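File shown: my_file01.txt. Contents: compact mmCIF, C-alpha atoms.
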# COMPACT_ATOMS: atom_id res chain seq x y z
CA MET A 559 0.00 0.00 0.00
CA ASN A 560 1.19 3.52 -0.77
CA GLN A 561 2.35 5.25 2.41
CA ALA A 562 0.21 8.27 1.48
CA ASP A 563 -3.01 6.25 1.19
CA GLY A 564 -5.74 7.79 3.30
CA LEU A 565 -3.77 10.95 4.12
CA PRO A 566 -5.49 14.30 3.47
CA LEU A 567 -3.05 15.66 0.87
CA GLN A 568 -2.77 12.49 -1.18
CA GLY A 569 -2.88 13.33 -4.89
CA ILE A 570 -1.36 16.82 -4.47
CA ARG A 571 1.97 17.24 -6.26
CA VAL A 572 4.33 19.90 -4.88
CA ILE A 573 7.29 21.23 -6.87
CA ASP A 574 9.70 22.28 -4.14
CA PHE A 575 12.42 24.89 -4.78
CA THR A 576 13.08 25.49 -1.08
CA HIS A 577 16.36 25.42 0.82
CA HIS A 578 17.73 25.76 4.35
CA ALA A 579 14.95 25.70 6.99
CA ALA A 580 11.70 27.69 6.61
CA GLY A 581 10.80 26.42 3.15
CA PRO A 582 11.85 22.81 3.75
CA MET A 583 9.84 22.74 6.99
CA CYS A 584 6.80 23.87 5.01
CA THR A 585 7.13 21.28 2.27
CA MET A 586 8.03 18.50 4.70
CA LEU A 587 4.73 19.01 6.50
CA LEU A 588 2.91 18.76 3.18
CA GLY A 589 4.77 15.54 2.41
CA ASP A 590 4.11 14.13 5.87
CA TYR A 591 0.39 14.32 5.22
CA GLY A 592 0.35 12.76 1.80
CA ALA A 593 1.51 15.27 -0.81
CA GLU A 594 4.05 14.12 -3.37
CA VAL A 595 6.92 16.57 -2.88
CA ILE A 596 9.44 16.87 -5.72
CA LYS A 597 12.51 18.62 -4.31
CA VAL A 598 14.36 20.36 -7.15
CA GLU A 599 18.06 20.63 -6.30
CA PRO A 600 21.09 22.04 -8.15
CA PRO A 601 23.79 19.58 -9.21
CA ASP A 602 25.73 20.07 -5.96
CA GLY A 603 22.59 19.78 -3.81
CA GLU A 604 20.74 22.35 -1.75
CA ALA A 605 22.95 24.30 0.64
CA PHE A 606 21.65 22.70 3.85
CA ARG A 607 23.06 19.31 2.85
CA THR A 608 26.57 20.59 3.58
CA SER A 609 25.98 23.32 6.19
CA GLY A 610 26.99 23.14 9.82
CA THR A 611 29.35 20.79 11.63
CA VAL A 612 27.23 17.80 12.75
CA ARG A 613 26.48 15.01 10.32
CA ILE A 614 25.07 11.48 10.32
CA LYS A 615 26.62 9.26 7.64
CA GLY A 616 27.73 12.35 5.71
CA GLU A 617 24.39 14.21 5.74
CA HIS A 618 23.96 17.38 7.77
CA VAL A 619 21.52 16.86 10.64
CA GLY A 620 19.58 19.97 9.61
CA PHE A 621 18.89 18.51 6.18
CA LEU A 622 17.88 15.17 7.70
CA ALA A 623 15.49 16.88 10.12
CA LEU A 624 13.59 18.88 7.49
CA ASN A 625 13.44 16.81 4.31
CA ARG A 626 11.69 13.51 4.89
CA ASN A 627 8.86 12.42 2.57
CA LYS A 628 10.38 14.13 -0.47
CA LYS A 629 11.83 13.04 -3.80
CA SER A 630 15.10 14.62 -4.92
CA VAL A 631 15.45 15.65 -8.56
CA VAL A 632 18.68 17.27 -9.73
CA ILE A 633 18.09 19.97 -12.35
CA ASP A 634 20.43 22.76 -13.41
CA LEU A 635 18.09 25.75 -13.69
CA LYS A 636 20.81 27.77 -15.40
CA THR A 637 20.61 25.67 -18.57
CA PRO A 638 17.90 25.63 -21.27
CA GLU A 639 17.42 21.91 -20.76
CA GLY A 640 17.01 22.40 -17.02
CA ARG A 641 14.40 25.10 -17.52
CA ARG A 642 12.54 22.85 -19.96
CA GLN A 643 12.55 20.02 -17.43
CA VAL A 644 11.27 22.26 -14.65
CA GLU A 645 8.53 23.69 -16.84
CA SER A 646 7.36 20.18 -17.59
CA LEU A 647 7.23 19.38 -13.87
CA ILE A 648 5.21 22.53 -13.24
CA ARG A 649 2.70 21.61 -15.94
CA GLY A 650 1.99 18.41 -14.02
CA GLY A 651 2.05 19.93 -10.54
CA ASP A 652 -0.43 21.47 -8.15
CA VAL A 653 1.80 23.65 -5.96
CA VAL A 654 5.11 25.46 -6.39
CA VAL A 655 6.94 26.52 -3.20
CA GLU A 656 10.07 28.66 -3.00
CA ASN A 657 11.92 30.66 -0.35
CA PHE A 658 14.39 32.60 -2.47
CA ARG A 659 14.81 36.32 -2.08
CA PRO A 660 12.07 38.20 -3.97
CA GLY A 661 12.92 38.53 -7.66
CA THR A 662 14.92 35.31 -7.92
CA MET A 663 12.12 33.29 -9.50
CA LYS A 664 11.56 36.06 -12.04
CA ARG A 665 15.24 35.99 -12.99
CA LEU A 666 14.91 32.24 -13.47
CA GLY A 667 11.91 32.79 -15.74
CA LEU A 668 9.60 31.17 -13.19
CA ASP A 669 7.67 34.10 -11.71
CA TYR A 670 3.97 33.77 -10.92
CA GLU A 671 2.80 34.97 -14.33
CA ARG A 672 4.98 32.39 -16.09
CA LEU A 673 3.82 29.63 -13.75
CA VAL A 674 0.16 30.46 -14.47
CA ALA A 675 0.89 30.40 -18.19
CA LEU A 676 2.37 26.92 -17.76
CA ASN A 677 -0.38 25.68 -15.43
CA PRO A 678 -3.55 27.79 -15.04
CA ARG A 679 -4.49 25.92 -11.83
CA ILE A 680 -1.16 26.34 -10.05
CA VAL A 681 -0.83 27.36 -6.41
CA TYR A 682 2.31 29.46 -5.95
CA ALA A 683 3.74 30.00 -2.45
CA ALA A 684 6.68 32.27 -1.68
CA ILE A 685 8.33 32.56 1.75
CA SER A 686 10.84 35.36 2.26
CA ALA A 687 12.32 37.17 5.23
CA PHE A 688 10.63 40.54 4.79
CA GLY A 689 7.94 39.97 2.18
CA ALA A 690 7.82 40.64 -1.54
CA THR A 691 7.62 44.44 -1.33
CA GLY A 692 9.12 47.24 0.70
CA ALA A 693 12.57 48.66 1.31
CA ARG A 694 13.90 45.50 2.98
CA SER A 695 12.41 42.97 0.56
CA ASN A 696 15.85 42.01 -0.79
CA LYS A 697 17.61 41.98 2.61
CA GLN A 698 18.88 38.67 3.95
CA GLY A 699 17.03 37.60 7.05
CA LEU A 700 18.30 34.51 8.84
CA ASP A 701 16.43 33.26 11.88
CA VAL A 702 18.33 35.20 14.55
CA VAL A 703 17.93 38.42 12.55
CA LEU A 704 14.17 37.95 12.58
CA GLN A 705 14.13 37.10 16.27
CA ALA A 706 16.02 40.34 16.91
CA MET A 707 13.99 42.57 14.61
CA SER A 708 10.62 41.24 15.76
CA GLY A 709 11.30 42.14 19.39
CA LEU A 710 11.33 38.54 20.61
CA MET A 711 14.94 38.74 21.78
CA SER A 712 14.26 41.94 23.71
CA ILE A 713 11.97 40.04 26.10
CA THR A 714 14.02 36.80 26.22
CA GLY A 715 16.73 36.31 28.82
CA GLU A 716 17.55 37.46 32.34
CA PRO A 717 16.85 41.08 33.36
CA ASP A 718 20.51 41.95 33.94
CA ARG A 719 21.99 40.05 30.99
CA GLU A 720 22.11 40.41 27.21
CA PRO A 721 18.96 39.54 25.20
CA LEU A 722 18.89 35.97 23.98
CA PRO A 723 17.41 34.17 20.97
CA ALA A 724 15.20 31.16 21.49
CA GLY A 725 17.04 27.84 21.62
CA VAL A 726 15.51 26.75 18.31
CA PRO A 727 15.19 28.62 14.97
CA ILE A 728 11.67 29.65 15.85
CA ALA A 729 11.22 32.11 12.95
CA ASP A 730 12.12 29.39 10.45
CA ILE A 731 9.92 26.71 11.98
CA LEU A 732 6.96 29.02 12.55
CA SER A 733 7.16 30.32 8.98
CA GLY A 734 7.21 26.77 7.66
CA VAL A 735 4.09 25.86 9.62
CA VAL A 736 2.24 29.04 8.62
CA GLY A 737 3.32 28.56 5.00
CA ALA A 738 1.94 25.01 4.97
CA LEU A 739 -1.37 26.29 6.35
CA GLY A 740 -1.51 28.95 3.64
CA ILE A 741 -0.86 26.38 0.93
CA VAL A 742 -3.60 24.06 2.18
CA MET A 743 -6.07 26.98 2.20
CA ALA A 744 -4.95 27.97 -1.31
CA VAL A 745 -5.47 24.42 -2.61
CA ILE A 746 -9.00 24.43 -1.18
CA ALA A 747 -9.68 27.82 -2.81
CA ARG A 748 -8.22 26.62 -6.13
CA ASN A 749 -10.34 23.49 -6.06
CA ARG A 750 -13.47 25.56 -5.46
CA SER A 751 -12.81 28.25 -8.05
CA GLY A 752 -10.56 26.57 -10.58
CA GLN A 753 -8.38 29.68 -10.43
CA PRO A 754 -4.64 29.90 -9.66
CA GLN A 755 -3.66 31.11 -6.20
CA LYS A 756 -0.73 33.14 -4.90
CA VAL A 757 0.43 32.82 -1.28
CA GLU A 758 3.14 35.13 0.07
CA LEU A 759 4.58 35.04 3.57
CA GLY A 760 7.03 37.45 5.14
CA MET A 761 8.80 35.74 8.03
CA LEU A 762 8.90 38.99 10.01
CA ASP A 763 5.10 39.15 9.69
CA ALA A 764 4.90 35.62 11.08
CA MET A 765 7.03 36.63 14.04
CA ILE A 766 4.93 39.72 14.74
CA SER A 767 1.85 37.49 14.73
CA LEU A 768 3.59 35.07 17.12
CA LEU A 769 4.17 37.94 19.55
CA SER A 770 0.53 39.06 19.56
CA LEU A 771 0.00 38.48 23.30
CA ARG A 772 3.04 40.54 24.28
CA LEU A 773 2.40 43.26 21.69
CA GLN A 774 -1.17 43.67 22.95
CA GLN A 775 0.18 44.14 26.45
CA VAL A 776 2.63 46.80 25.26
CA LEU A 777 -0.17 48.62 23.46
CA ALA A 778 -2.23 48.52 26.65
CA VAL A 779 0.42 49.74 29.11
CA GLY A 780 2.24 52.12 26.77
CA HIS A 781 5.80 50.93 27.40
CA ASP A 782 8.10 48.06 26.48
CA LEU A 783 8.31 44.89 28.57
CA PRO A 784 11.42 43.94 30.52
CA ARG A 785 13.22 40.62 30.22
CA MET A 786 12.05 38.38 33.05
CA GLY A 787 14.06 35.20 32.65
CA SER A 788 11.62 32.34 33.12
CA GLY A 789 9.02 34.55 34.79
CA HIS A 790 5.73 35.79 33.33
CA PRO A 791 4.74 39.45 33.17
CA GLN A 792 1.18 38.79 34.36
CA ALA A 793 1.35 35.65 36.50
CA CYS A 794 3.04 34.43 39.68
CA PRO A 795 4.18 31.87 40.61
CA TRP A 796 5.28 31.23 37.04
CA ASP A 797 8.97 30.38 37.02
CA VAL A 798 11.68 27.77 37.42
CA PHE A 799 11.89 26.35 40.93
CA HIS A 800 14.51 24.08 42.46
CA ALA A 801 13.86 20.86 44.32
CA ALA A 802 16.59 18.98 46.17
CA ASP A 803 17.66 17.16 42.99
CA GLY A 804 16.57 19.23 40.01
CA PRO A 805 14.57 22.09 38.51
CA PHE A 806 10.92 22.19 37.56
CA VAL A 807 8.34 24.80 36.53
CA ILE A 808 5.08 26.03 37.97
CA ALA A 809 2.60 28.07 35.94
CA ALA A 810 -0.12 29.40 38.24
CA THR A 811 -2.21 31.81 36.18
CA ARG A 812 -5.13 32.16 38.63
CA ASP A 813 -5.64 32.78 42.34
CA GLU A 814 -7.39 29.41 42.50
CA TYR A 815 -4.16 27.66 41.50
CA TRP A 816 -2.23 29.60 44.16
CA GLN A 817 -4.65 28.59 46.89
CA ARG A 818 -4.50 24.93 45.83
CA LEU A 819 -0.71 25.08 45.78
CA CYS A 820 -0.53 26.58 49.26
CA ARG A 821 -2.78 23.89 50.70
CA ALA A 822 -0.94 21.08 48.91
CA VAL A 823 2.58 22.09 50.01
CA GLY A 824 1.63 22.86 53.61
CA ILE A 825 1.45 26.66 53.71
CA PRO A 826 -2.34 27.25 53.54
CA GLU A 827 -2.06 30.59 55.38
CA TYR A 828 -0.32 32.17 52.37
CA GLY A 829 -3.40 31.56 50.25
CA THR A 830 -5.08 34.56 51.88
CA ARG A 831 -2.16 36.49 53.36
CA GLU A 832 -1.77 40.13 52.41
CA GLY A 833 0.86 40.53 49.69
CA TYR A 834 0.24 36.99 48.43
CA ALA A 835 -3.52 36.48 48.12
CA THR A 836 -4.13 38.02 44.68
CA ILE A 837 -2.28 37.65 41.43
CA VAL A 838 -1.67 41.42 41.32
CA GLU A 839 0.01 41.25 44.73
CA ARG A 840 2.06 38.20 43.81
CA VAL A 841 3.31 39.72 40.55
CA ALA A 842 4.39 42.82 42.49
CA ASN A 843 6.09 40.64 45.14
CA ARG A 844 7.54 38.01 42.79
CA PRO A 845 10.96 37.74 44.52
CA LYS A 846 9.31 37.06 47.90
CA VAL A 847 6.92 34.49 46.43
CA ASN A 848 9.73 32.67 44.64
CA ALA A 849 11.96 32.72 47.72
CA LEU A 850 9.15 31.33 49.87
CA LEU A 851 8.59 28.42 47.52
CA ASN A 852 12.25 27.64 46.82
CA ASP A 853 13.00 27.54 50.55
CA LEU A 854 10.31 24.88 50.80
CA PHE A 855 11.07 22.90 47.65
CA ARG A 856 14.81 22.47 48.29
CA HIS A 857 14.17 19.98 51.09
CA LYS A 858 12.59 17.22 48.98
CA PRO A 859 13.21 15.67 45.55
CA ARG A 860 11.54 16.91 42.40
CA ALA A 861 9.40 13.80 41.91
CA HIS A 862 7.79 14.42 45.28
CA TRP A 863 6.78 17.99 44.44
CA LEU A 864 5.56 17.13 40.95
CA ALA A 865 3.31 14.44 42.42
CA VAL A 866 2.01 16.87 45.05
CA LEU A 867 1.27 19.55 42.47
CA ASP A 868 -0.37 17.06 40.11
CA GLY A 869 -2.56 15.93 42.99
CA ALA A 870 -3.62 19.54 43.53
CA ASP A 871 -4.16 20.10 39.79
CA VAL A 872 -1.63 22.94 39.67
CA PRO A 873 0.12 23.31 36.27
CA ASN A 874 3.70 22.05 36.56
CA GLY A 875 6.35 20.00 34.83
CA PRO A 876 9.98 18.92 35.07
CA LEU A 877 12.59 21.08 33.37
CA ASN A 878 13.88 18.43 30.97
CA SER A 879 17.02 18.37 28.92
CA LEU A 880 16.49 17.48 25.26
CA THR A 881 17.52 13.90 25.99
CA GLU A 882 15.13 13.74 28.94
CA ALA A 883 12.33 15.18 26.80
CA MET A 884 12.78 12.50 24.13
CA ASN A 885 12.73 9.83 26.84
CA ASP A 886 9.73 11.27 28.68
CA ASP A 887 6.96 8.70 29.03
CA THR A 888 4.37 10.98 27.40
CA VAL A 889 6.62 11.75 24.41
CA ARG A 890 7.59 8.11 23.99
CA ASP A 891 4.03 6.85 24.28
CA SER A 892 2.69 9.44 21.81
CA GLY A 893 4.86 8.11 18.99
CA VAL A 894 6.01 11.57 17.89
CA MET A 895 9.63 10.34 17.73
CA ILE A 896 9.78 8.17 14.62
CA LYS A 897 12.30 6.13 12.65
CA VAL A 898 12.92 6.79 8.95
CA ASP A 899 15.44 5.56 6.41
CA HIS A 900 18.75 7.39 6.03
CA PRO A 901 19.72 8.03 2.38
CA ALA A 902 23.03 6.22 2.92
CA GLY A 903 21.32 3.17 4.43
CA GLY A 904 19.99 2.15 7.81
CA THR A 905 17.58 4.24 9.86
CA ILE A 906 17.63 7.38 11.96
CA THR A 907 15.34 8.57 14.73
CA THR A 908 13.76 11.96 14.19
CA ALA A 909 10.97 14.19 15.52
CA GLY A 910 7.91 13.34 13.46
CA PRO A 911 4.89 15.43 12.47
CA PRO A 912 2.83 16.68 15.41
CA LEU A 913 -0.69 15.91 14.13
CA THR A 914 -2.33 12.55 13.82
CA PHE A 915 -4.90 12.12 11.06
CA ASN A 916 -7.27 9.22 11.59
CA GLY A 917 -4.66 7.80 13.92
CA SER A 918 -1.74 8.17 11.48
CA ARG A 919 1.28 10.43 11.88
CA GLY A 920 1.74 10.47 8.13
CA ALA A 921 4.04 8.89 5.61
CA ARG A 922 7.39 7.47 6.73
CA GLN A 923 9.85 7.97 3.88
CA GLY A 924 13.27 9.19 4.93
CA PRO A 925 15.11 12.19 3.48
CA PRO A 926 16.18 11.60 -0.13
CA GLY A 927 19.67 11.09 -1.43
CA LEU A 928 20.77 13.81 -3.83
CA GLY A 929 19.13 13.15 -7.20
CA ALA A 930 17.79 9.77 -6.12
CA HIS A 931 14.51 10.29 -7.97
CA THR A 932 15.66 12.28 -11.00
CA ALA A 933 15.20 9.58 -13.60
CA ALA A 934 11.87 8.29 -12.30
CA VAL A 935 10.27 11.71 -11.83
CA LEU A 936 11.41 13.17 -15.14
CA ALA A 937 10.33 10.05 -16.98
CA GLU A 938 6.78 10.59 -15.67
CA ALA A 939 6.68 14.33 -16.42
CA PRO A 940 4.52 15.56 -19.29
CA GLY A 941 6.41 15.07 -22.53
CA ARG A 942 8.64 12.25 -21.12
CA LEU A 943 11.65 14.49 -20.71
CA ALA A 944 15.13 13.89 -22.03
CA GLY A 945 14.20 10.51 -23.50
CA LEU A 946 14.10 8.92 -20.06
CA SER A 947 11.92 5.85 -19.69
CA LYS A 948 9.96 4.78 -16.64
CA GLY A 949 12.37 1.97 -16.07

Can I see the file as structure tokens?
Amino acid sequence: MNQADGLPLQGIRVIDFTHHAAGPMCTMLLGDYGAEVIKVEPPDGEAFRTSGTVRIKGEHVGFLALNRNKKSVVIDLKTPEGRRQVESLIRGGDVVVENFRPGTMKRLGLDYERLVALNPRIVYAAISAFGATGARSNKQGLDVVLQAMSGLMSITGEPDREPLPAGVPIADILSGVVGALGIVMAVIARNRSGQPQKVELGMLDAMISLLSLRLQQVLAVGHDLPRMGSGHPQACPWDVFHAADGPFVIAATRDEYWQRLCRAVGIPEYGTREGYATIVERVANRPKVNALLNDLFRHKPRAHWLAVLDGADVPNGPLNSLTEAMNDDTVRDSGVMIKVDHPAGGTITTAGPPLTFNGSRGARQGPPGLGAHTAAVLAEAPGRLAGLSKG
């Protein structure tokens, strides 16, 4: 049985010109849920295959993480034959995705107008750092640049230290997810109207949308927010706390949670004490609240306090390392960590797609070897390109 059978995007063919992280994340999600993703690569492969310093069997871990469920086709877009091959793929496709700087596809002769001329039902999706128009449209915008420019870094880190980026390329991953959502909506609109669709995403716009809760607070109070480490500007206790053997978090967003916590840990009088009883008081007295709790928590192991807080239905969780997170019972039991084939042979473990669809986490093809599908894909393209046969 085809691995895509029964998945929602089965039958959708995506011509993928993406590279590095945001675009590949987008197209990988489409492939995970059934789309046939044809990854068009230059003869030396897309840049992420050879970036960075950590590899598994010769392939960069970033490429392995973001390119499963795709077919690799090597085409030199700088040659007439390459352009002819790509045009044939587009004629037989449903979606074209790219994350070049604006203007690159036009220079390649593959701008939206040309794509529509080749395929009047095409969905075209473009992801770029700063959008297709405006003074910065041609500016490079890697993930940390977007974290800085969006304001995210200004509120991330300790109050008396330098701003910090998130520990993952959040602008890239978010833009990939939002881009995939836009493409799915565009396919639905195309199927209803029969008309081509154009989807454009500026990664800075995605980051501004991500920050909507904090931006709304700034608009309300009229000033910027300080960095608060692991604290929360409107809740307390909401922070990292330290048991005898390790850290954990509490996220008490309501007075009800605070009162439950106080009863559960043996300090019921603080549930109604002046300076502690309301969330406004606790936010104002955060250092005292945190000191009170840490003085208590340091006498017993983390597992004890997590069980106590779970029993009181107070939001909490262990502060896991990445290794601990992957080995967490809930993560392991969910099946979100999956095994896929490595292009050089054998298997690798990787973080799989987050959604289940009718109980399935999607197709399970590993990342492709460079050009592994060139002959087969081009042989099936309209016009049977370059004399290749389906064999």

With all atoms listed in the file counted, which protein, DNA or RNA residues have an atom no more than 12 Å from (9.4, 46.0, 28.4) in the file frame? Please answer as an mmCIF file with C-alpha atoms, keeping the file's coordinate frame.
data_model
loop_
_atom_site.group_PDB
_atom_site.id
_atom_site.type_symbol
_atom_site.label_atom_id
_atom_site.label_comp_id
_atom_site.auth_asym_id
_atom_site.auth_seq_id
_atom_site.Cartn_x
_atom_site.Cartn_y
_atom_site.Cartn_z
ATOM 1 C CA GLY A 709 11.300 42.140 19.390
ATOM 2 C CA LEU A 710 11.330 38.540 20.610
ATOM 3 C CA MET A 711 14.940 38.740 21.780
ATOM 4 C CA SER A 712 14.260 41.940 23.710
ATOM 5 C CA ILE A 713 11.970 40.040 26.100
ATOM 6 C CA THR A 714 14.020 36.800 26.220
ATOM 7 C CA PRO A 717 16.850 41.080 33.360
ATOM 8 C CA PRO A 721 18.960 39.540 25.200
ATOM 9 C CA ARG A 772 3.040 40.540 24.280
ATOM 10 C CA LEU A 773 2.400 43.260 21.690
ATOM 11 C CA GLN A 775 0.180 44.140 26.450
ATOM 12 C CA VAL A 776 2.630 46.800 25.260
ATOM 13 C CA LEU A 777 -0.170 48.620 23.460
ATOM 14 C CA VAL A 779 0.420 49.740 29.110
ATOM 15 C CA GLY A 780 2.240 52.120 26.770
ATOM 16 C CA HIS A 781 5.800 50.930 27.400
ATOM 17 C CA ASP A 782 8.100 48.060 26.480
ATOM 18 C CA LEU A 783 8.310 44.890 28.570
ATOM 19 C CA PRO A 784 11.420 43.940 30.520
ATOM 20 C CA ARG A 785 13.220 40.620 30.220
ATOM 21 C CA MET A 786 12.050 38.380 33.050
ATOM 22 C CA HIS A 790 5.730 35.790 33.330
ATOM 23 C CA PRO A 791 4.740 39.450 33.170
#

- Message: Between atom CA of Arg840 of chain A and atom CA of Arg821 of chain A, what is the distance in Å, rounded to a tenth?
- Response: 16.6 Å

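Restricting the calculation to all atoms listed in the file, the smallest distance between Arg719 of chain A and any of A:Gly787, A:Gly737, A:Gly592, A:Gly640 is found for A:Gly787.
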
- Item | Which residue of A:Thr611, A:Ser646, A:Ser770, A:Gln755 approaches Glu671 of chain A most closely, using all atoms listed in the file | A:Gln755

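The list of residues with at least one atom within 6 Å of segment 922-924 of chain A, based on only C-alpha atoms and without residues fewer than 6 positions apart in the same chain, reads A:Arg626, A:Asn627, A:Val898, A:Asp899, A:His900.
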
Go ahead and save the picked residues with C-alpha atoms, as a PDB file, in the frame of the given file.
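Once everything was written out, this is result.pdb:
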ATOM      1  CA  ARG A 626      11.690  13.510   4.890  1.00  0.00           C
ATOM      2  CA  ASN A 627       8.860  12.420   2.570  1.00  0.00           C
ATOM      3  CA  VAL A 898      12.920   6.790   8.950  1.00  0.00           C
ATOM      4  CA  ASP A 899      15.440   5.560   6.410  1.00  0.00           C
ATOM      5  CA  HIS A 900      18.750   7.390   6.030  1.00  0.00           C
TER       6      HIS A 900
END

- Item | Residue among A:Leu850, A:Leu565, A:Gly804, A:Thr905 lying closest to Asp590 of chain A, counting only C-alpha atoms |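 Smallest separation from Asp590 of chain A among the options: A:Leu565.
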
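If you look at atom CA of Leu635 of chain A and atom CA of Arg613 of chain A, they are 27.6 Å away from each other.
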
- Item | Counting only C-alpha atoms, the residue of A:Thr811, A:Gln705, A:Asn560, A:Thr608 that sits nearest Leu928 of chain A |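 Counting only C-alpha atoms, the residue closest to Leu928 of chain A is A:Thr608.
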
- Which of these residues is nearest to Gly661 of chain A, using only C-alpha atoms: A:Gln817, A:Ser695, A:Ser767, A:Ser609?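 Residue with the minimum atom-to-atom distance to Gly661 of chain A: A:Ser695.
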
- Contacts of segment 571-586 of chain A at 6 Å or less, counting all atoms listed in the file, minus same-chain residues fewer than 5 places along, as a list in words? Ala593, Glu594, Val595, Ile596, Lys597, Val598, Glu604, Phe606, Leu624, Asn625, Gly651, Asp652, Val653, Val654, Val655, Glu656, Asn657, Asp730, Ile731, Ser733, Gly734, Val735, Gly737 and Ala738 of chain A

- Query: Which of these, A:Gln753, A:Thr830, A:Thr637, A:Asn878, has the shortest distance to Val674 of chain A once you count all atoms listed in the file?
  - Reply: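 Closest to Val674 of chain A of all the choices is A:Gln753.
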
- Write out as a PyMOL selection string which residues come within 9 Å of Asp797 of chain A when counting only C-alpha atoms, dropping same-chain ones fewer than 3 positions away. chain A and resi 787-790+794+806-809+848

- Just the residues within 12 Å of Tyr828 of chain A, please, counting all atoms listed in the file, with nothing from its chain fewer than 6 positions along; format it as a list in words.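 Close residues of Tyr828 of chain A: Asp813, Trp816, Gln817, Arg818, Leu819, Cys820, Arg821, Ala822, Tyr834, Ala835, Thr836, Glu839, Arg840, Lys846, Val847, Leu850 and Leu851 of chain A.
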
- How many Å lie between atom CA of Gly589 of chain A and atom CA of Gly920 of chain A, rounded to one decimal? 8.2 Å

- Task: Quick one: residues within 7 Å of (8.2, 39.7, -5.8) (file frame), counting only C-alpha atoms, please, as a list in words.
- Result: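 Residues with an atom at most 7 Å from (8.2, 39.7, -5.8): Pro660, Gly661, Ala690 and Thr691 of chain A.
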
Residues near segment 930-932 of chain A, cut-off 7 Å, only C-alpha atoms, skip fewer than 4 positions along chain, as a short mmCIF file (atom, residue, chain, number, x, y, z; two decimals) with C-alpha atoms, in the coordinates of the input:
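Output below, filename result_9.cif:
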data_model
loop_
_atom_site.label_atom_id
_atom_site.label_comp_id
_atom_site.auth_asym_id
_atom_site.auth_seq_id
_atom_site.Cartn_x
_atom_site.Cartn_y
_atom_site.Cartn_z
CA LYS A 629 11.83 13.04 -3.80
CA SER A 630 15.10 14.62 -4.92
CA VAL A 631 15.45 15.65 -8.56
CA VAL A 632 18.68 17.27 -9.73
CA PRO A 926 16.18 11.60 -0.13
CA LEU A 936 11.41 13.17 -15.14
#
